[in-house]
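S.K.: The following block contains the structure, expressed as structure tokens.
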Amino acid sequence: MATTNKAPLDSSTPITWQAILEAHERIRPRIHRTPVLTSGTFDRMSGARLYFKCENLQKTGSFKIRGASNAILGLSEGESARGVVTPSSGNHAAAVSCAAAWRGIPAFIVMPRNAPAVKCRAVESYGGKITYCEPTITSRNETCARVQAETGATLVHPYDDDRIVAGQATAAKELLEEVPDLDAILTPVSGGGLLSGTSLASRQMRPEIRIYGCEPERADDAYRSLHAGEIQKLESSDTVADGLRANLSPRTFAILRSYLTDILLVSEAELLAAQKLFAERMKIVVEASSSLVLSPLLREGGLEKLRLAPRADGQPPKIGMILSGGNVEL
């Protein structure tokens with residue numbers, strides 16, 4: 001479903017560049033400006049120059065604190081009076097719990113029973129109050145609606161929220177501020193908040209950039225949705241990439257249809273091999289949900305399949321990758 005759209009944000013985009021700038025100013029004092037790391041080994045293996053935006057080293061262990069803090073710190077007193085509620089498999093849950101603690105309000109978290117224990121402990125350490133649900137989209141939504149009705153809390157959705165997307169966009173903004181001439185960016189995709197934010201910020205800062213989402217073969221709803229032209233949902237998934245089991249929303253689907261280049265599917269074996277390589281070669285811990293961004297570049301002919309040729313000066317293409325989180329059950 002490759003798009004050739006090279007335009008920056010247009011007037012029909014609900015999330016403006018100004019909203020992204022304001023989000024960055026709001027959250028900047030609270031978050032880390034995470035490092036951009038490189039690896040000569042991975043450059044040789046891929047035939048490209050790779051730049052890793054290490055959100056695995058972010059507060060709460062993932063990029064999710066960007067969107068959560070933008071949403072929660074931006075709530076009115078009335079909206080925040082009874083706290084916030086969210087459904088999440090883990091990283092957004094921890095981020096909402098942390099940002100709610102900063103705001104001094106309760107956080108009610110709905111998590112699937114099979115969520116990694118390390119993520120549940122993180123939520124509790126930030127003061128979040130967990131209600132468990134079955135590991136299906138229907139159960140998650142029904143349980144969240146019940147908790148919201150019981151508490152009167154304001155919903156802070158993991159990705160179907162303009163404030164969340166604007167906050168997530170700040171990761172790509174920082175990456176392009178440090179490496180402004182990237183030829184492409186690869187980002188994981190689940191519900192599409194990070195990838196939507198990446199697409200919006202990147203098209204504004206570098207209109208000709210190619211933007212790819214990376215998704216497990218076992219949770220390929222975004223791939224199927226964008227190729228079919230309408231949202232395709234999965235009720236559940238057994239991918240080991242537990243952070244990539246959500247479905248696109250109408251909001252994120254619309255943004256990705258306008259600005260994304262393509263979705264790249266990754267097998268379980270590929271993403272686990274990449275996760276191991278990050279630990280062995282770069283000495284960093286990343287989730288399986290993050291490691292898959294490297295996988296397409298390790299395949300034979302990976303650059304050619306992404307239609308990334310050498311640059312005009314003969315140098316390899318420059319590719320950014322957002323490592324979305326590092327909350328791993330060791």
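Residue numbers start at 1 in each chain; chains themselves are named A, B, ... in the order of the structure tokens; ligands are numbered from 1 in the order shown.
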Do you know which residues are at most 9 Å from Pro35 (chain A) counting only C-alpha atoms, after dropping those on the same chain fewer than 3 positions away, and could you put them as a ChimeraX atom specification?
M.R.: /A:32,52-55,57,175
S.K.: May I have the residues from that selection written out with N, CA and C atoms, as a PDB file, in the first residue's frame?
M.R.:
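See part-v2.pdb below for the written result:
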```pdb
ATOM      1  N   HIS A  32      12.884  12.189  29.615  1.00  0.00           N
ATOM      2  CA  HIS A  32      14.266  12.179  29.137  1.00  0.00           C
ATOM      3  C   HIS A  32      14.296  12.522  27.650  1.00  0.00           C
ATOM      4  N   PHE A  52      19.440   4.682  16.143  1.00  0.00           N
ATOM      5  CA  PHE A  52      18.433   4.116  17.034  1.00  0.00           C
ATOM      6  C   PHE A  52      18.032   5.141  18.095  1.00  0.00           C
ATOM      7  N   LYS A  53      16.779   5.559  18.060  1.00  0.00           N
ATOM      8  CA  LYS A  53      16.217   6.446  19.075  1.00  0.00           C
ATOM      9  C   LYS A  53      15.778   5.583  20.247  1.00  0.00           C
ATOM     10  N   CYS A  54      16.503   5.669  21.363  1.00  0.00           N
ATOM     11  CA  CYS A  54      16.390   4.670  22.437  1.00  0.00           C
ATOM     12  C   CYS A  54      15.332   5.035  23.468  1.00  0.00           C
ATOM     13  N   GLU A  55      14.077   4.838  23.080  1.00  0.00           N
ATOM     14  CA  GLU A  55      12.989   5.043  24.028  1.00  0.00           C
ATOM     15  C   GLU A  55      12.906   3.912  25.049  1.00  0.00           C
ATOM     16  N   LEU A  57      15.163   3.563  26.994  1.00  0.00           N
ATOM     17  CA  LEU A  57      15.827   4.230  28.106  1.00  0.00           C
ATOM     18  C   LEU A  57      15.007   5.416  28.624  1.00  0.00           C
ATOM     19  N   LEU A 175      14.486  12.869  17.155  1.00  0.00           N
ATOM     20  CA  LEU A 175      15.383  12.100  16.288  1.00  0.00           C
ATOM     21  C   LEU A 175      15.807  12.927  15.078  1.00  0.00           C
TER      22      LEU A 175
END
```
S.K.: Considering only C-alpha atoms, return as a PyMOL selection string whatever protein or nucleic-acid residues lie within 8 Å of region 274-287 of chain A, sequence-local ones (same chain, fewer than 5 positions apart) excluded.
M.R.: chain A and resi 39+41+56+241+292+294-295+323-328
S.K.: Between A:Tyr223, A:Ser290, A:Ala100, A:Ala166, single out the one closest to Thr187 (chain A), counting only C-alpha atoms.
M.R.: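 Distance minimum relative to Thr187 (chain A) lands on A:Ser290.
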S.K.: Which one of A:Cys214, A:Ala169, A:Leu297, A:Leu73 sits closest to Trp102 (chain A) if you count only C-alpha atoms?
M.R.: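 Answer, going by the shortest atom-to-atom distance: A:Leu73.
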S.K.: Which residues, written as an MDAnalysis selection string, have at least one atom at most 8 Å from region 146-154 of chain A, with only C-alpha atoms counted and residues fewer than 4 positions away on the same chain left out?
M.R.: chainID A and resid 79:85 108 142
S.K.: For region 14-28 of chain A, work out the shell of residues within 8 Å, counting only C-alpha atoms and skipping chain neighbours fewer than 2 positions away, then give it as a ChimeraX atom specification.
M.R.: /A:9,11-12,30-33,66,69-70,73,162-163,165-167,169-170,200-201,204
S.K.: Would you mind exporting the chosen residues as a tab-separated table (two decimals), in the first residue's frame, restricted to N, CA and C atoms?
M.R.:
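Written output follows (again.tsv):
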```tsv
chain	number	residue	atom	x	y	z
A	9	LEU	N	2.22	18.32	6.75
A	9	LEU	CA	0.85	18.27	7.26
A	9	LEU	C	-0.03	19.27	6.53
A	11	SER	N	-4.15	21.01	5.99
A	11	SER	CA	-5.17	21.58	6.86
A	11	SER	C	-6.20	20.57	7.33
A	12	SER	N	-6.28	19.41	6.67
A	12	SER	CA	-7.25	18.40	7.07
A	12	SER	C	-6.74	17.51	8.20
A	30	ARG	N	9.61	16.87	32.09
A	30	ARG	CA	9.29	15.63	32.80
A	30	ARG	C	9.98	14.40	32.22
A	31	ILE	N	10.32	14.42	30.94
A	31	ILE	CA	10.81	13.22	30.28
A	31	ILE	C	12.30	13.32	30.01
A	32	HIS	N	12.88	12.19	29.61
A	32	HIS	CA	14.27	12.18	29.14
A	32	HIS	C	14.30	12.52	27.65
A	33	ARG	N	15.31	13.26	27.24
A	33	ARG	CA	15.62	13.34	25.82
A	33	ARG	C	16.54	12.16	25.55
A	66	ARG	N	5.49	9.88	26.87
A	66	ARG	CA	5.34	11.11	26.10
A	66	ARG	C	3.86	11.45	25.90
A	69	SER	N	1.84	11.73	29.47
A	69	SER	CA	2.07	12.97	30.22
A	69	SER	C	1.47	14.17	29.49
A	70	ASN	N	1.51	14.18	28.15
A	70	ASN	CA	0.89	15.27	27.42
A	70	ASN	C	-0.62	15.30	27.67
A	73	LEU	N	-1.24	15.86	31.86
A	73	LEU	CA	-0.87	17.20	32.33
A	73	LEU	C	-1.70	18.28	31.66
A	162	ASP	N	-6.01	12.56	20.23
A	162	ASP	CA	-5.09	13.50	19.58
A	162	ASP	C	-3.94	13.91	20.49
A	163	ARG	N	-4.21	14.05	21.79
A	163	ARG	CA	-3.16	14.46	22.73
A	163	ARG	C	-2.10	13.37	22.87
A	165	VAL	N	-1.32	11.09	20.48
A	165	VAL	CA	-0.55	11.05	19.23
A	165	VAL	C	0.43	12.22	19.17
A	166	ALA	N	0.00	13.41	19.57
A	166	ALA	CA	0.90	14.57	19.54
A	166	ALA	C	2.09	14.35	20.47
A	167	GLY	N	1.85	13.75	21.63
A	167	GLY	CA	2.95	13.47	22.54
A	167	GLY	C	3.91	12.45	21.97
A	169	ALA	N	4.54	11.93	18.92
A	169	ALA	CA	5.26	12.54	17.80
A	169	ALA	C	6.57	13.16	18.21
A	170	THR	N	6.71	13.50	19.49
A	170	THR	CA	7.93	14.19	19.93
A	170	THR	C	9.17	13.31	19.86
A	200	LEU	N	3.42	12.11	11.33
A	200	LEU	CA	3.07	13.53	11.31
A	200	LEU	C	4.31	14.41	11.51
A	201	ALA	N	5.11	14.08	12.51
A	201	ALA	CA	6.30	14.89	12.77
A	201	ALA	C	7.31	14.78	11.64
A	204	GLN	N	6.37	16.68	8.44
A	204	GLN	CA	6.52	18.12	8.62
A	204	GLN	C	7.98	18.54	8.50
```
